[in-house]
>>> print(open('upload_26.txt').read())   # compact mmCIF, C-alpha atoms
# COMPACT_ATOMS: atom_id res chain seq x y z
CA MET A 100 -22.29 2.36 35.25
CA SER A 101 -23.24 -0.71 37.30
CA ILE A 102 -20.59 -2.80 38.99
CA GLN A 103 -21.53 -5.78 36.85
CA ARG A 104 -21.17 -3.82 33.61
CA ARG A 105 -17.90 -2.25 34.75
CA ASP A 106 -16.49 -5.64 35.70
CA PHE A 107 -17.58 -7.07 32.34
CA LEU A 108 -15.93 -4.25 30.41
CA ARG A 109 -12.73 -4.64 32.41
CA ALA A 110 -12.66 -8.37 31.75
CA ALA A 111 -13.65 -7.91 28.10
CA THR A 112 -10.87 -5.41 27.52
CA ALA A 113 -8.32 -7.78 29.05
CA GLY A 114 -9.54 -10.61 26.85
CA GLY A 115 -9.85 -8.66 23.62
CA VAL A 116 -13.63 -9.05 23.52
CA LEU A 117 -14.20 -5.34 23.00
CA PHE A 118 -12.21 -5.49 19.78
CA ALA A 119 -14.39 -8.33 18.57
CA LEU A 120 -17.51 -6.36 19.44
CA ARG A 121 -16.22 -3.31 17.63
CA ASP A 122 -15.39 -5.38 14.56
CA ALA A 123 -18.88 -6.87 14.54
CA GLN A 124 -20.52 -3.46 14.83
CA ALA A 125 -18.22 -1.64 12.42
CA GLN A 126 -19.82 -0.57 9.18
CA ILE A 127 -18.31 0.21 5.79
CA ASP A 128 -18.56 3.84 4.78
CA PRO A 129 -20.26 3.62 1.37
CA SER A 130 -18.56 6.82 0.22
CA TRP A 131 -15.37 4.80 -0.32
CA LYS A 132 -16.98 3.56 -3.55
CA GLY A 133 -16.36 7.00 -5.03
CA HIS A 134 -12.62 6.92 -4.32
CA ILE A 135 -11.42 3.59 -5.70
CA GLY A 136 -7.90 3.88 -7.09
CA LEU A 137 -5.73 1.72 -9.34
CA GLU A 138 -2.01 1.09 -8.97
CA LEU A 139 -0.85 1.35 -12.57
CA PHE A 140 1.63 -1.49 -12.04
CA THR A 141 -1.47 -3.63 -12.60
CA VAL A 142 -1.71 -2.51 -16.25
CA ARG A 143 1.97 -1.86 -16.93
CA ASP A 144 1.91 -3.97 -20.08
CA VAL A 145 -0.61 -1.74 -21.84
CA ILE A 146 0.27 1.63 -20.37
CA GLN A 147 3.72 1.55 -21.95
CA LYS A 148 2.02 1.35 -25.37
CA ASN A 149 -0.59 4.06 -24.86
CA TYR A 150 -0.39 5.97 -21.60
CA GLU A 151 -3.32 8.36 -21.98
CA GLY A 152 -5.47 5.76 -23.74
CA THR A 153 -4.91 3.36 -20.85
CA LEU A 154 -5.83 6.02 -18.30
CA ALA A 155 -8.98 6.76 -20.30
CA LYS A 156 -9.98 3.09 -20.05
CA VAL A 157 -9.18 3.08 -16.33
CA ALA A 158 -11.45 6.10 -15.85
CA GLU A 159 -14.14 4.49 -17.98
CA ILE A 160 -14.17 1.45 -15.69
CA GLY A 161 -14.95 3.80 -12.82
CA TYR A 162 -11.63 4.33 -11.06
CA LYS A 163 -11.23 7.83 -9.62
CA GLU A 164 -7.61 7.75 -8.45
CA ILE A 165 -4.37 6.37 -9.85
CA GLU A 166 -0.92 5.64 -8.51
CA PRO A 167 1.81 5.57 -11.18
CA ALA A 168 4.48 2.91 -11.07
CA THR A 169 6.71 3.43 -14.11
CA ASN A 170 6.76 7.02 -15.39
CA TYR A 171 4.76 10.16 -16.16
CA ALA A 172 4.61 9.64 -19.92
CA ASP A 173 7.49 12.09 -20.40
CA MET A 174 5.06 14.94 -19.72
CA GLU A 175 5.75 18.12 -17.81
CA PRO A 176 3.83 18.32 -14.51
CA LYS A 177 1.29 20.83 -15.84
CA GLN A 178 0.63 18.65 -18.91
CA PHE A 179 0.19 15.56 -16.77
CA ARG A 180 -2.16 17.35 -14.38
CA ALA A 181 -4.21 18.64 -17.31
CA MET A 182 -4.56 15.08 -18.61
CA LEU A 183 -5.73 13.86 -15.21
CA ASP A 184 -8.25 16.68 -14.95
CA ARG A 185 -9.51 15.95 -18.43
CA LEU A 186 -10.10 12.30 -17.51
CA GLY A 187 -11.59 13.02 -14.09
CA LEU A 188 -8.72 11.33 -12.25
CA SER A 189 -6.57 12.35 -9.30
CA MET A 190 -3.16 11.09 -8.19
CA PRO A 191 -2.74 11.37 -4.41
CA SER A 192 0.28 9.05 -4.21
CA THR A 193 3.12 7.87 -6.40
CA HIS A 194 5.69 5.11 -6.66
CA VAL A 195 7.63 7.07 -9.27
CA GLY A 196 9.31 8.93 -6.45
CA ALA A 197 11.55 11.95 -6.51
CA SER A 198 15.33 11.48 -6.51
CA GLU A 199 17.60 12.56 -3.72
CA GLY A 200 19.98 15.20 -5.08
CA PRO A 201 20.18 18.80 -6.29
CA ASP A 202 16.91 18.61 -8.26
CA LEU A 203 14.86 17.10 -5.44
CA GLU A 204 12.93 20.23 -4.52
CA LYS A 205 12.23 21.01 -8.17
CA GLU A 206 10.79 17.52 -8.59
CA LEU A 207 8.66 17.99 -5.49
CA GLU A 208 7.33 21.25 -6.90
CA GLY A 209 6.26 19.27 -9.97
CA PHE A 210 4.64 16.66 -7.76
CA GLN A 211 2.73 19.40 -6.01
CA ILE A 212 1.39 20.61 -9.36
CA MET A 213 0.25 17.07 -10.21
CA GLY A 214 -1.63 16.77 -6.92
CA ILE A 215 0.62 14.25 -5.19
CA ARG A 216 0.41 14.17 -1.39
CA TYR A 217 2.36 10.99 -0.63
CA THR A 218 5.66 10.11 -2.24
CA GLU A 219 8.81 8.08 -2.02
CA VAL A 220 12.28 9.60 -2.35
CA ARG A 221 14.84 7.43 -4.05
CA GLY A 222 17.80 6.97 -1.77
CA ALA A 223 15.75 7.94 1.29
CA GLY A 224 16.21 4.60 2.98
CA GLY A 225 13.91 1.67 3.46
CA ARG A 226 13.19 -0.88 0.76
CA GLY A 227 9.84 0.63 -0.09
CA ALA A 228 11.19 4.16 -0.20
CA ALA A 229 14.22 3.33 -2.28
CA ARG A 230 12.73 1.20 -5.02
CA GLY A 231 10.92 3.92 -6.96
CA PRO A 232 12.49 5.02 -10.23
CA GLY A 233 12.61 8.67 -9.20
CA ARG A 234 12.53 10.29 -12.61
CA PRO A 235 9.80 10.65 -15.23
CA GLY A 236 11.53 8.29 -17.63
CA GLY A 237 12.43 5.67 -15.05
CA GLY A 238 10.92 2.31 -14.37
CA ARG A 239 9.89 0.24 -11.39
CA GLY A 240 11.49 -3.10 -10.82
CA GLY A 241 9.65 -5.96 -9.23
CA PRO A 242 9.98 -5.72 -5.45
CA SER A 243 10.22 -9.42 -4.78
CA GLY A 244 11.68 -10.89 -7.93
CA PRO A 245 10.45 -11.35 -11.50
CA ILE A 246 6.89 -12.19 -12.42
CA GLY A 247 6.55 -15.65 -13.82
CA ALA A 248 5.60 -18.27 -11.25
CA PRO A 249 3.04 -20.71 -12.68
CA ASN A 250 0.45 -19.73 -10.08
CA GLY A 251 0.74 -16.00 -10.73
CA ALA A 252 2.87 -15.20 -7.68
CA ARG A 253 6.32 -13.67 -7.85
CA MET A 254 9.23 -16.06 -8.03
CA PRO A 255 11.01 -15.57 -4.70
CA ARG A 256 14.66 -14.72 -4.58
CA PRO A 257 17.00 -16.82 -2.44
CA PRO A 258 16.57 -15.94 1.26
CA ALA A 259 18.39 -12.72 2.10
CA PRO A 260 20.40 -12.33 5.29
CA ALA A 261 18.34 -11.08 8.22
CA GLN A 262 18.36 -7.30 8.52
CA THR A 263 19.70 -5.63 11.63
CA GLU A 264 17.67 -3.35 13.84
CA GLU A 265 20.34 -0.66 13.55
CA ALA A 266 20.07 -0.64 9.75
CA ILE A 267 16.28 -0.29 9.87
CA LYS A 268 16.57 2.54 12.40
CA ARG A 269 18.91 4.35 10.01
CA GLN A 270 16.32 3.93 7.25
CA ALA A 271 13.63 5.31 9.54
CA ASP A 272 15.81 8.28 10.38
CA GLN A 273 16.27 9.06 6.68
CA LEU A 274 12.54 8.74 6.11
CA ASN A 275 11.90 11.27 8.87
CA LYS A 276 14.47 13.68 7.45
CA HIS A 277 12.97 13.49 4.00
CA GLY A 278 9.54 13.77 5.58
CA GLU A 279 10.55 17.17 6.94
CA LEU A 280 11.51 18.22 3.42
CA VAL A 281 8.45 16.96 1.57
CA LYS A 282 6.22 18.48 4.27
CA LYS A 283 7.11 21.89 2.87
CA PHE A 284 5.30 20.82 -0.30
CA GLY A 285 2.23 19.49 1.52
CA MET A 286 3.33 15.85 1.32
CA LYS A 287 4.28 12.89 3.45
CA MET A 288 6.74 10.14 2.82
CA LEU A 289 5.16 6.73 2.23
CA VAL A 290 6.51 3.34 3.25
CA HIS A 291 5.27 0.40 1.19
CA ASN A 292 5.74 -3.19 2.31
CA HIS A 293 6.14 -6.53 0.60
CA THR A 294 6.76 -9.69 2.63
CA MET A 295 10.37 -9.28 3.73
CA GLU A 296 9.45 -6.52 6.17
CA PHE A 297 7.80 -9.21 8.30
CA ALA A 298 10.84 -11.49 8.57
CA TYR A 299 12.51 -11.44 11.96
CA LEU A 300 15.47 -9.16 12.50
CA GLU A 301 18.93 -10.56 13.02
CA GLY A 302 19.14 -12.13 16.46
CA SER A 303 15.43 -11.69 17.20
CA THR A 304 12.47 -14.04 17.32
CA SER A 305 9.87 -11.34 17.91
CA ARG A 306 10.90 -8.05 16.31
CA ARG A 307 10.65 -7.36 12.58
CA PRO A 308 11.69 -4.49 10.26
CA TYR A 309 8.06 -3.34 10.02
CA ASP A 310 7.87 -3.04 13.81
CA VAL A 311 10.93 -0.80 13.82
CA LEU A 312 9.64 1.37 10.97
CA LEU A 313 6.35 1.89 12.79
CA ALA A 314 8.10 2.75 16.05
CA GLU A 315 10.85 4.97 14.65
CA THR A 316 9.06 7.02 11.98
CA ASP A 317 7.17 10.20 12.82
CA PRO A 318 3.45 9.79 12.00
CA SER A 319 3.23 13.47 11.06
CA LEU A 320 5.91 12.97 8.40
CA VAL A 321 5.67 9.33 7.31
CA ALA A 322 2.59 7.33 6.31
CA MET A 323 2.49 3.56 6.07
CA GLN A 324 1.16 2.28 2.75
CA LEU A 325 0.01 -1.15 3.82
CA ASP A 326 0.05 -3.69 1.03
CA ILE A 327 -2.69 -5.81 2.55
CA GLY A 328 -2.17 -8.66 0.12
CA TRP A 329 1.53 -9.12 0.76
CA ALA A 330 1.09 -8.61 4.52
CA SER A 331 -1.58 -11.33 4.49
CA VAL A 332 0.68 -13.67 2.52
CA ALA A 333 3.37 -12.98 5.14
CA GLY A 334 0.96 -14.26 7.80
CA GLN A 335 -0.07 -10.97 9.35
CA ASN A 336 -3.43 -10.32 11.02
CA ILE A 337 -4.52 -7.08 9.36
CA LEU A 338 -7.06 -6.07 12.03
CA GLU A 339 -4.51 -6.70 14.75
CA MET A 340 -2.10 -4.38 12.93
CA PHE A 341 -4.78 -1.66 12.95
CA ARG A 342 -5.42 -2.17 16.66
CA LYS A 343 -1.76 -2.01 17.64
CA ASN A 344 -1.03 1.10 15.56
CA PRO A 345 -4.33 2.93 15.00
CA GLY A 346 -4.24 5.75 12.48
CA ARG A 347 -0.90 4.81 10.95
CA PHE A 348 -2.15 3.13 7.77
CA GLU A 349 -3.23 6.10 5.66
CA LEU A 350 -2.67 4.30 2.36
CA TRP A 351 -3.55 0.78 1.30
CA HIS A 352 -2.71 -1.45 -1.62
CA VAL A 353 -5.81 -3.59 -2.04
CA LYS A 354 -4.46 -6.90 -3.31
CA ASP A 355 -6.02 -10.36 -3.12
CA ALA A 356 -4.65 -13.88 -3.24
CA LYS A 357 -5.66 -17.51 -3.03
CA GLY A 358 -3.71 -20.07 -1.03
CA ILE A 359 -3.36 -18.03 2.16
CA ALA A 360 -5.71 -20.19 4.20
CA ALA A 361 -3.63 -23.31 3.55
CA MET A 362 -0.37 -21.73 4.69
CA THR A 363 1.18 -23.00 7.90
CA PRO A 364 3.22 -21.09 10.52
CA ASN A 365 6.40 -23.03 9.74
CA MET A 366 6.43 -22.05 6.04
CA THR A 367 9.27 -19.81 4.94
CA ARG A 368 8.64 -16.47 3.24
CA GLY A 369 9.64 -17.98 -0.09
CA GLU A 370 7.29 -20.90 0.36
CA ARG A 371 4.45 -18.54 1.22
CA MET A 372 5.03 -16.48 -1.92
CA GLN A 373 5.19 -19.63 -4.02
CA ALA A 374 1.89 -20.82 -2.56
CA ALA A 375 0.11 -17.51 -3.11
CA LYS A 376 -1.82 -17.03 -6.32
CA LEU A 377 -2.55 -13.36 -6.95
CA VAL A 378 -6.07 -12.80 -8.26
CA PRO A 379 -8.47 -9.89 -8.82
CA VAL A 380 -9.85 -8.34 -5.65
CA GLY A 381 -12.83 -10.30 -4.38
CA GLU A 382 -11.69 -13.60 -5.87
CA GLY A 383 -9.17 -14.46 -3.18
CA GLU A 384 -9.17 -15.07 0.56
CA VAL A 385 -8.53 -11.61 2.00
CA ASP A 386 -11.58 -10.45 3.99
CA TYR A 387 -11.90 -6.95 2.59
CA LYS A 388 -15.45 -6.60 3.92
CA THR A 389 -14.18 -6.64 7.48
CA ILE A 390 -11.00 -4.74 6.67
CA PHE A 391 -12.87 -1.81 5.08
CA ALA A 392 -15.31 -1.81 8.00
CA ASN A 393 -12.26 -0.90 10.13
CA ALA A 394 -10.88 1.76 7.79
CA LYS A 395 -11.40 4.51 10.37
CA LEU A 396 -9.37 2.60 12.94
CA ALA A 397 -6.58 2.20 10.38
CA GLY A 398 -6.60 5.90 9.50
CA LEU A 399 -7.29 5.23 5.81
CA LYS A 400 -7.11 8.22 3.45
CA HIS A 401 -6.56 6.62 0.02
CA PHE A 402 -6.37 3.12 -1.40
CA CYS A 403 -5.66 1.54 -4.75
CA VAL A 404 -6.18 -1.87 -6.30
CA GLU A 405 -3.04 -3.72 -7.35
CA GLN A 406 -2.68 -7.11 -9.01
CA ASP A 407 0.96 -7.76 -9.82
CA SER A 408 0.18 -10.78 -12.00
CA ALA A 409 -2.55 -9.17 -14.13
CA VAL A 410 -0.20 -8.80 -17.11
CA GLU A 411 -0.12 -12.58 -17.48
CA GLY A 412 -3.61 -12.34 -18.97
CA ASP A 413 -5.80 -9.38 -19.89
CA SER A 414 -4.68 -6.80 -17.35
CA MET A 415 -7.45 -4.33 -18.16
CA ALA A 416 -10.06 -7.07 -17.74
CA ALA A 417 -8.50 -7.95 -14.38
CA ALA A 418 -8.67 -4.28 -13.33
CA ARG A 419 -12.33 -4.22 -14.36
CA THR A 420 -13.10 -7.36 -12.35
CA SER A 421 -11.39 -5.97 -9.26
CA TYR A 422 -13.36 -2.74 -9.56
CA ARG A 423 -16.71 -4.45 -9.90
CA ASN A 424 -16.03 -6.82 -7.02
CA LEU A 425 -14.78 -4.01 -4.80
CA VAL A 426 -17.89 -1.93 -5.46
CA LYS A 427 -19.96 -4.88 -4.26
CA ILE A 428 -17.77 -5.28 -1.17
CA LEU A 429 -18.14 -1.58 -0.33
CA SER A 430 -21.92 -1.53 -0.88
>>> encode(input="upload_26.txt", output="structure tokens")
Amino acid sequence: MSIQRRDFLRAATAGGVLFALRDAQAQIDPSWKGHIGLELFTVRDVIQKNYEGTLAKVAEIGYKEIEPATNYADMEPKQFRAMLDRLGLSMPSTHVGASEGPDLEKELEGFQIMGIRYTEVRGAGGRGAARGPGRPGGGRGGPSGPIGAPNGARMPRPPAPAQTEEAIKRQADQLNKHGELVKKFGMKMLVHNHTMEFAYLEGSTSRRPYDVLLAETDPSLVAMQLDIGWASVAGQNILEMFRKNPGRFELWHVKDAKGIAAMTPNMTRGERMQAAKLVPVGEGEVDYKTIFANAKLAGLKHFCVEQDSAVEGDSMAAARTSYRNLVKILS
């Protein structure tokens, strides 16, 4: 390599130019179009009335994967798996996690039958890991407060006290311990974010809970399920996250919102959530074209569409719009 080229590469690396070049040259793998998933929280209003009928409509739209959010229709694992097979669907991840306790391994055996490879464990630590209902008849509460803001965002709760680094490290330790257990069943723990994971820790102006979770969890046991929409609302640079922790983001929630571009650095988390209007994928301001072009850098294995506010209108129509727009993005 010539001295001039070597000097340029050294200077480019120092200035971040190489990352820009890689982003410009990165291409979307078109095979992702055959693996589009749907987080069933999107259609929670209709699935509670007709579970299998809703899944049939989801499959008819073109979705190939699902991620449940409320329950497993009171079916035994073999029955549920048979329904998925019949509809041509798979379920690589779940937010209806297993429950810590004497029946945990039995639940994980059932998950294995259903094809789950990423799970939460209720009581395992970490906000994302602990919020799942855990049992087939359980339900999933809203992670950031009740739906109902006029613009389709979640109504924020009053600001919570800053979390301590020690508390987050304890959560990470529990995630690793449960990761060792679920590994026996061919699974990893998943950590899902909202916006509060990007608020500064107590006494810090640079370190956040998400930073600690990334640093303290074992990548062989714990996968980050990056909710790209909420991270974007929280002011995060998604590509920069990929660059700093390549390979860690095996799962994505593909969520879109309007209002992000107008947000300012001095806005609080609550103000950001109030300003964000959740919309079908492709109708907001998240640059999924560039993000999917860097899927390999992120370590992506599975992704699913989620629109928390879809139930305020026709949720199935919203799911259909997201699917069609995403197919165009991935083409």
>>> residues_around(input="upload_26.txt", residues="Leu320 in chain A", least_positions_apart="4", cutoff="9 Å", atoms="all atoms listed in the file", output="PDB file with C-alpha atoms, in the frame of the given file")
ATOM      1  CA  LEU A 274      12.540   8.740   6.110  1.00  0.00           C
ATOM      2  CA  ASN A 275      11.900  11.270   8.870  1.00  0.00           C
ATOM      3  CA  LYS A 276      14.470  13.680   7.450  1.00  0.00           C
ATOM      4  CA  HIS A 277      12.970  13.490   4.000  1.00  0.00           C
ATOM      5  CA  GLY A 278       9.540  13.770   5.580  1.00  0.00           C
ATOM      6  CA  GLU A 279      10.550  17.170   6.940  1.00  0.00           C
ATOM      7  CA  VAL A 281       8.450  16.960   1.570  1.00  0.00           C
ATOM      8  CA  LYS A 282       6.220  18.480   4.270  1.00  0.00           C
ATOM      9  CA  MET A 286       3.330  15.850   1.320  1.00  0.00           C
ATOM     10  CA  LYS A 287       4.280  12.890   3.450  1.00  0.00           C
ATOM     11  CA  MET A 288       6.740  10.140   2.820  1.00  0.00           C
ATOM     12  CA  LEU A 289       5.160   6.730   2.230  1.00  0.00           C
ATOM     13  CA  THR A 316       9.060   7.020  11.980  1.00  0.00           C
TER      14      THR A 316
END
>>> closest_atom_pairs(input="upload_26.txt", of="range 329-387 of chain A", to="range 197-220 of chain A", cutoff="12 Å", atoms="all atoms listed in the file", output="CSV")
residue,atom,partner,partner_atom,distance
A:Glu349,CA,A:Tyr217,CA,9.7
A:Leu350,CA,A:Tyr217,CA,8.9
A:Trp351,CA,A:Tyr217,CA,12.0
>>> atom_distance(input="upload_26.txt", atom1="CA of Asp386 in chain A", atom2="CA of Leu188 in chain A")
27.3 Å
>>> atom_distance(input="upload_26.txt", atom1="CA of Asn292 in chain A", atom2="CA of Asp128 in chain A")
25.4 Å
>>> closest_residue(input="upload_26.txt", among="A:Ser189, A:Gln406, A:Ser319, A:Ser421", to="Glu382 in chain A", atoms="only C-alpha atoms")
A:Ser421
